[in-house]
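K.L.:
Have a look at the structure that comes next, please.
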Amino acid sequence: MEEVKAYIESGILELYVLGQLTAQECSEVEAMAAKHAEVKAEILAIELAMESYALENAITPSAALEDKIVAQLNPTTTDKIKAEPKIVPLYEGANDGKIKILRFALVACVALLVISIAALISVYNKLNSAHDEIASLSTQRDQFATTVSKLEFNKAGMENRIAMTETNEWATVKLAGVKNSPKANMLVYWNKTNKNILINYAAMDLPKTDQSHEYQLWALVDGKPVSLGVFGDNAKEAVKQMETIEKAQAFAVTIEPMGGSQNPTMEKMVVMGGVTI
Amino acid sequence: MATAKKISLSEEELVNALKRQDTIAIKALYDMYSGALFGVISRVIQQTEVAEDVLQETFVKIWNSAGSYDSSKGRLFTWMMNVARNLAIDKLRSKDFKNSNKNQDIENNVDFIDQQKKVSFNADTLGLKEMVTNLKPDFKDVLDMVYFKGYTHVETAEELNLPLGTVKTRVRMAILELRKKFN
């Protein structure tokens with residue numbers, strides 16, 4: 001008890017209330033106050049004395065100050081009442097961390113955007129080259145298909161030729177190039193029994209015609225030309241059957257306008273051959 | 001707003017409102033304590049304008065630091081009074097304030113230096129005539145230096161050329177006299 005009394009009388013509690021002590025000394029006083037009710041009561045008495053003293057000597061500040069302070073502490077009323085005073089942010093420090101995080105996030109977003117754009121460009125380029133590749137592959141495929149169908153066509157023609165040479169029913173008439181087209185040549189197959197005429201695309205080499213012209217096959221019968229039908233540059237079947245003819249001394253092919261002509265245009269004759277059988 | 005009815009809350013209600021940042025606490029704090037705090041600040045700083053700036057800073061600090069106030073360690077007013085006192089002393093020692101003092105006319109300056117040397121209350125400013133007569137000059141000087149001039153009790157002992165124990169005792173005696181008067 002004596003110890004507590006001495007502690008109170010030392011004047012340390014007054015210094016505590018007046019904010020004169022270090023943090024460590026403060027904790028010591030607070031520990032004593034928690035332990036001894038007398039110390040706590042003494043502190044309260046000192047506090048009340050200082051408080052009354054201050055209230056007794058109060059000085060009313062100018063009336064304008066209240067609005068200023070209330071407005072500063074309560075930003076929502078500031079907006080409504082007066083717009084002029086600039087509000088100083090009260091939590092500047094507290095936002096630093098947030099701003100830092102947001103800044104990092106922004107940098108990360110920009111980086112991500114750059115990476116995304118780069119990836120997009122690369123993918124776009126790959127897509128373009130893939131498109132080119134597909135186009136070139138499909139051209140190649142078309143070329144192969146053309147080649148294959150041409151080969152099929154030739155094969156069908158060749159098979160027919162072989163079949164015809166193996167029987168003795170068919171006579172082969174060789175038509176040779178004339179003055180206008182010395183390199184042209186063609187074979188005409190004439191059935192000895194039923195007098196059918198066949199031509200074979202695998203066995204002809206004729207000068208090309210344009211879009212408005214085609215070939216016409218003629219038979220010379222006793223000095224007169226008889227039309228055996230027309231045929232074009234291209235055909236679906238390698239072998240084409242022409243009109244039958246009972247007898248002929250020679251065959252010839254002329255180039256005539258689409259649909260054929262009544263009489264052969266002699267100057268447009270490409271091949272001709274006499275019948276030797 | 002100034003014409004609105006004055007608000008008065010119990011200390012507990014006020015502390016709770018302050019802790020949860022209820023705006024009613026601003027009004028209550030101002031109505032209940034602005035005068036007392038301004039009185040404390042005005043003892044440290046004589047210029048009314050500067051003192052009002054410090055009072056504003058004090059309210060801002062009280063509002064923002066409400067979370068750090070611990071009611072188990074003392075009364076709210078004691079905490080607020082020390083906030084006001086410390087801000088006022090910081091201002092007194094700041095470069096801004098020292099520079100602004102250079103612009104004062106000679107008469108004021110003489111007065112100011114005079115006050116600092118004599119370490120006495122400016123009774124006109126504070127309306128403390130009765131208080132001063134009640135307090136013995138020895139006690140009053142020590143309390144004044146320790147509390148309102150920003151001296152530590154150690155510095156006060158050196159300044160007044162007194163043993164530290166004597167300073168402590170005089171502070172205690174000064175406050176005991178105040179207690180006799182108020183409690």
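We name chains A, B, ... following the order of the structure tokens; residues begin at 1 in each chain, and ligands are numbered from 1 as shown.
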Please build the interface table for chain B against chain A with a cut-off of 6 Å, listing for each qualifying residue the nearest atom pair and the distance in Å to one decimal; count only C-alpha atoms, order rows by chain and increasing number, and write it as a Markdown table.
P.N.:
| residue | atom | partner | partner_atom | distance |
| --- | --- | --- | --- | --- |
| B:Gly35 | CA | A:Ala58 | CA | 4.5 |
| B:Ala36 | CA | A:Ala58 | CA | 4.0 |
| B:Phe38 | CA | A:Ile59 | CA | 5.9 |
| B:Gly39 | CA | A:Ala58 | CA | 4.7 |
| B:Gln56 | CA | A:Ile69 | CA | 5.9 |
| B:Lys168 | CA | A:Gly11 | CA | 5.2 |
| B:Thr169 | CA | A:Gly11 | CA | 5.7 |
| B:Arg172 | CA | A:Gly11 | CA | 5.2 |
| B:Leu178 | CA | A:Ala49 | CA | 5.9 |
| B:Arg179 | CA | A:Ala49 | CA | 5.0 |
K.L.:
Put those residues in a file: N, CA and C atoms, as a CSV table (one decimal), in the first residue's frame.
P.N.:
chain,number,residue,atom,x,y,z
B,35,GLY,N,-14.4,24.3,-28.2
B,35,GLY,CA,-14.0,25.4,-27.4
B,35,GLY,C,-12.8,25.0,-26.5
B,36,ALA,N,-13.0,23.9,-25.8
B,36,ALA,CA,-12.0,23.5,-24.9
B,36,ALA,C,-10.6,23.2,-25.6
B,38,PHE,N,-9.8,24.4,-28.6
B,38,PHE,CA,-9.3,25.7,-29.1
B,38,PHE,C,-8.6,26.5,-28.0
B,39,GLY,N,-9.1,26.4,-26.8
B,39,GLY,CA,-8.5,27.0,-25.6
B,39,GLY,C,-7.1,26.5,-25.4
B,56,GLN,N,-8.5,22.7,-36.9
B,56,GLN,CA,-9.0,21.9,-38.0
B,56,GLN,C,-8.1,20.6,-38.1
B,168,LYS,N,8.5,17.4,-11.1
B,168,LYS,CA,7.4,16.4,-11.1
B,168,LYS,C,6.4,16.8,-10.0
B,169,THR,N,7.0,17.1,-8.8
B,169,THR,CA,6.2,17.5,-7.6
B,169,THR,C,5.3,18.7,-7.9
B,172,ARG,N,2.5,18.0,-10.1
B,172,ARG,CA,1.5,17.3,-9.3
B,172,ARG,C,0.7,18.3,-8.5
B,178,LEU,N,-5.9,22.2,-9.1
B,178,LEU,CA,-7.0,22.2,-10.1
B,178,LEU,C,-8.1,21.3,-9.6
B,179,ARG,N,-7.6,20.1,-9.1
B,179,ARG,CA,-8.6,19.1,-8.7
B,179,ARG,C,-9.4,19.7,-7.5
K.L.:
Could you pull out all residues of range 3-175 of chain A with a DSSP call of strand (DSSP E or B) and give them as a PyMOL selection string?
P.N.:
chain A and resi 170-175
K.L.:
Could you work out how far CA of Phe139 in chain B lies from CA of Met32 in chain B, giving the answer in Å with one decimal?
P.N.:
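A separation of 28.6 Å between them.
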K.L.:
Just the number, please: distance in Å from CA of Met204 in chain A to CA of Leu175 in chain A, one decimal.
P.N.:
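If I compute the distance from CA of Met204 in chain A to CA of Leu175 in chain A, I get 9.2 Å.
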K.L.:
Write out as a ChimeraX atom specification each polymer residue whose atoms come within 12 Å of range 147-152 of chain A, counting only C-alpha atoms; drop sequence neighbours fewer than 2 positions from it.
P.N.:
/A:140-145,154-159,201-202,234-238
K.L.:
Could you pull out the residues in range 54-213 of chain A that DSSP calls alpha helix (DSSP H) from the backbone, as a PyMOL selection string?
P.N.:
chain A and resi 54-56+63-73+75-81+92-166
K.L.:
How would the residues just chosen look if you wrote them out with C-alpha atoms as an mmCIF file, in the first residue's frame?
P.N.:
data_model
loop_
_atom_site.group_PDB
_atom_site.id
_atom_site.type_symbol
_atom_site.label_atom_id
_atom_site.label_comp_id
_atom_site.auth_asym_id
_atom_site.auth_seq_id
_atom_site.Cartn_x
_atom_site.Cartn_y
_atom_site.Cartn_z
ATOM 1 C CA ALA A 54 -9.815 23.005 -20.320
ATOM 2 C CA LEU A 55 -13.615 23.340 -20.509
ATOM 3 C CA GLU A 56 -13.470 26.250 -18.050
ATOM 4 C CA ALA A 63 -18.373 30.405 -36.487
ATOM 5 C CA ALA A 64 -17.124 29.740 -40.038
ATOM 6 C CA LEU A 65 -14.664 27.128 -38.781
ATOM 7 C CA GLU A 66 -17.374 24.659 -37.822
ATOM 8 C CA ASP A 67 -18.744 24.401 -41.364
ATOM 9 C CA LYS A 68 -15.213 24.100 -42.700
ATOM 10 C CA ILE A 69 -14.306 21.252 -40.340
ATOM 11 C CA VAL A 70 -17.629 19.402 -40.651
ATOM 12 C CA ALA A 71 -17.365 19.663 -44.436
ATOM 13 C CA GLN A 72 -13.809 18.365 -44.445
ATOM 14 C CA LEU A 73 -14.656 15.381 -42.257
ATOM 15 C CA PRO A 75 -17.130 14.584 -47.805
ATOM 16 C CA THR A 76 -20.726 13.739 -48.802
ATOM 17 C CA THR A 77 -22.090 17.016 -47.427
ATOM 18 C CA THR A 78 -19.256 18.948 -49.048
ATOM 19 C CA ASP A 79 -20.436 17.909 -52.480
ATOM 20 C CA LYS A 80 -23.940 19.143 -51.788
ATOM 21 C CA ILE A 81 -23.246 22.323 -49.872
ATOM 22 C CA GLU A 92 -3.646 8.983 -49.248
ATOM 23 C CA GLY A 93 -1.321 6.437 -47.681
ATOM 24 C CA ALA A 94 -3.974 3.732 -47.511
ATOM 25 C CA ASN A 95 -4.474 3.819 -51.282
ATOM 26 C CA ASP A 96 -0.802 3.465 -52.145
ATOM 27 C CA GLY A 97 -0.945 -0.320 -51.942
ATOM 28 C CA LYS A 98 -4.065 -0.473 -54.070
ATOM 29 C CA ILE A 99 -2.557 1.847 -56.674
ATOM 30 C CA LYS A 100 0.570 -0.286 -56.739
ATOM 31 C CA ILE A 101 -1.491 -3.449 -57.303
ATOM 32 C CA LEU A 102 -3.566 -1.736 -59.986
ATOM 33 C CA ARG A 103 -0.401 -0.504 -61.668
ATOM 34 C CA PHE A 104 0.949 -4.063 -61.731
ATOM 35 C CA ALA A 105 -2.387 -5.286 -63.076
ATOM 36 C CA LEU A 106 -2.274 -2.658 -65.811
ATOM 37 C CA VAL A 107 1.249 -3.666 -66.813
ATOM 38 C CA ALA A 108 0.192 -7.323 -66.820
ATOM 39 C CA CYS A 109 -2.861 -6.518 -68.960
ATOM 40 C CA VAL A 110 -0.770 -4.600 -71.475
ATOM 41 C CA ALA A 111 1.745 -7.452 -71.626
ATOM 42 C CA LEU A 112 -1.075 -9.950 -72.122
ATOM 43 C CA LEU A 113 -2.569 -7.794 -74.854
ATOM 44 C CA VAL A 114 0.770 -7.591 -76.680
ATOM 45 C CA ILE A 115 1.233 -11.359 -76.409
ATOM 46 C CA SER A 116 -2.338 -11.959 -77.602
ATOM 47 C CA ILE A 117 -1.879 -9.686 -80.605
ATOM 48 C CA ALA A 118 1.411 -11.392 -81.494
ATOM 49 C CA ALA A 119 -0.238 -14.810 -81.207
ATOM 50 C CA LEU A 120 -3.175 -13.632 -83.301
ATOM 51 C CA ILE A 121 -0.870 -12.338 -86.047
ATOM 52 C CA SER A 122 1.095 -15.583 -86.061
ATOM 53 C CA VAL A 123 -2.107 -17.662 -86.214
ATOM 54 C CA TYR A 124 -3.448 -15.430 -88.981
ATOM 55 C CA ASN A 125 -0.271 -15.918 -91.002
ATOM 56 C CA LYS A 126 -0.409 -19.691 -90.498
ATOM 57 C CA LEU A 127 -4.057 -19.698 -91.556
ATOM 58 C CA ASN A 128 -3.183 -17.782 -94.705
ATOM 59 C CA SER A 129 -0.393 -20.175 -95.628
ATOM 60 C CA ALA A 130 -2.714 -23.105 -94.863
ATOM 61 C CA HIS A 131 -5.261 -21.612 -97.240
ATOM 62 C CA ASP A 132 -2.579 -21.276 -99.934
ATOM 63 C CA GLU A 133 -1.495 -24.848 -99.336
ATOM 64 C CA ILE A 134 -5.074 -26.117 -99.590
ATOM 65 C CA ALA A 135 -5.560 -24.180 -102.844
ATOM 66 C CA SER A 136 -2.372 -25.569 -104.369
ATOM 67 C CA LEU A 137 -3.241 -29.095 -103.163
ATOM 68 C CA SER A 138 -6.690 -28.868 -104.694
ATOM 69 C CA THR A 139 -5.160 -27.652 -107.989
ATOM 70 C CA GLN A 140 -2.800 -30.599 -107.875
ATOM 71 C CA ARG A 141 -5.683 -32.922 -107.111
ATOM 72 C CA ASP A 142 -7.624 -31.509 -110.089
ATOM 73 C CA GLN A 143 -4.577 -32.031 -112.280
ATOM 74 C CA PHE A 144 -4.287 -35.622 -111.116
ATOM 75 C CA ALA A 145 -7.977 -36.201 -111.710
ATOM 76 C CA THR A 146 -7.662 -34.780 -115.219
ATOM 77 C CA THR A 147 -4.645 -36.908 -115.897
ATOM 78 C CA VAL A 148 -6.381 -40.007 -114.552
ATOM 79 C CA SER A 149 -9.530 -39.451 -116.614
ATOM 80 C CA LYS A 150 -7.388 -38.826 -119.690
ATOM 81 C CA LEU A 151 -5.527 -42.039 -119.004
ATOM 82 C CA GLU A 152 -8.809 -43.928 -118.511
ATOM 83 C CA PHE A 153 -10.063 -42.491 -121.762
ATOM 84 C CA ASN A 154 -6.910 -43.498 -123.635
ATOM 85 C CA LYS A 155 -6.983 -46.910 -122.048
ATOM 86 C CA ALA A 156 -10.581 -47.490 -123.153
ATOM 87 C CA GLY A 157 -9.595 -46.473 -126.685
ATOM 88 C CA MET A 158 -6.577 -48.725 -126.683
ATOM 89 C CA GLU A 159 -8.554 -51.675 -125.350
ATOM 90 C CA ASN A 160 -11.060 -51.208 -128.139
ATOM 91 C CA ARG A 161 -8.306 -51.089 -130.731
ATOM 92 C CA ILE A 162 -6.810 -54.274 -129.357
ATOM 93 C CA ALA A 163 -10.217 -55.958 -129.343
ATOM 94 C CA MET A 164 -10.806 -54.964 -132.952
ATOM 95 C CA THR A 165 -7.448 -56.213 -134.210
ATOM 96 C CA GLU A 166 -8.014 -59.523 -132.491
#
K.L.:
Would you kindly return, as a compact mmCIF listing (two decimals) with N, CA and C atoms, in the first residue's frame, each protein, DNA or RNA residue with an atom no farther than 8 Å from any atom of range 242-248 of chain A, considering only C-alpha atoms and excluding same-chain residues fewer than 6 positions away?
P.N.:
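As written to disk, part-v7.txt reads:
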# COMPACT_ATOMS: atom_id res chain seq x y z
N LYS A 195 -21.12 -53.35 -141.68
CA LYS A 195 -20.77 -52.07 -142.29
C LYS A 195 -20.75 -50.89 -141.29
N ASN A 196 -20.70 -51.19 -140.00
CA ASN A 196 -20.57 -50.12 -139.00
C ASN A 196 -19.24 -49.39 -139.15
N ILE A 197 -19.26 -48.09 -138.87
CA ILE A 197 -18.05 -47.27 -138.88
C ILE A 197 -17.77 -46.82 -137.44
N LEU A 198 -16.57 -47.03 -136.99
CA LEU A 198 -16.17 -46.55 -135.66
C LEU A 198 -14.95 -45.66 -135.80
N ILE A 199 -14.87 -44.64 -134.98
CA ILE A 199 -13.62 -43.88 -134.88
C ILE A 199 -13.15 -44.00 -133.43
N ALA A 219 -17.56 -40.08 -146.53
CA ALA A 219 -17.18 -41.25 -147.34
C ALA A 219 -17.34 -40.86 -148.82
N LEU A 220 -16.35 -41.24 -149.60
CA LEU A 220 -16.47 -40.96 -151.05
C LEU A 220 -17.05 -42.21 -151.70
N VAL A 221 -18.28 -42.04 -152.16
CA VAL A 221 -18.96 -43.19 -152.79
C VAL A 221 -19.19 -42.85 -154.27
N ASP A 222 -18.46 -43.55 -155.12
CA ASP A 222 -18.55 -43.32 -156.58
C ASP A 222 -18.35 -41.84 -156.90
N LEU A 228 -20.85 -38.91 -142.87
CA LEU A 228 -21.01 -40.01 -141.91
C LEU A 228 -21.19 -39.47 -140.47
N GLY A 229 -21.35 -38.13 -140.35
CA GLY A 229 -21.56 -37.52 -139.01
C GLY A 229 -20.41 -36.65 -138.56
N VAL A 275 -9.67 -46.60 -149.46
CA VAL A 275 -9.98 -47.91 -148.90
C VAL A 275 -9.17 -48.95 -149.71
K.L.:
Could you name the residues that touch range 147-163 of chain B at 7 Å or less, counting only C-alpha atoms, but leaving out those on the same chain fewer than 2 positions away, as an MDAnalysis selection string?
P.N.:
(chainID A and resid 18 20) or (chainID B and resid 43:44 89 143:145 165:167)
K.L.:
Near Gly260 in chain A, counting only C-alpha atoms, which residues have an atom at most 10 Å away, once you skip same-chain residues fewer than 6 positions from it, shown as JSON, numbers by chain?
P.N.:
{"A": [213, 214, 215, 216, 217, 227, 229, 230, 231, 254]}
K.L.:
Please provide the set of residues having any atom within 9 Å of Ile24 in chain B, restricted to only C-alpha atoms, with same-chain residues fewer than 6 positions apart removed, written as a PDB file with C-alpha atoms, in the first residue's frame.
P.N.:
ATOM      1  CA  ILE B   7     -25.587  17.925 -29.758  1.00  0.00           C
ATOM      2  CA  LEU B  14     -19.479   9.515 -28.548  1.00  0.00           C
ATOM      3  CA  ALA B  17     -20.045   6.857 -32.920  1.00  0.00           C
ATOM      4  CA  LEU B  18     -16.467   7.988 -33.536  1.00  0.00           C
TER       5      LEU B  18
END
K.L.:
Quick one, how far is CA of Ile175 in chain B from CA of Leu135 in chain B?
P.N.:
9.4 Å
K.L.:
So, counting only C-alpha atoms, which residue among A:Val173, A:Pro257, A:Pro225, A:Val178 is closest to Ala203 in chain A?
P.N.:
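Looking at the shortest contact to Ala203 in chain A, the residue is A:Val173.
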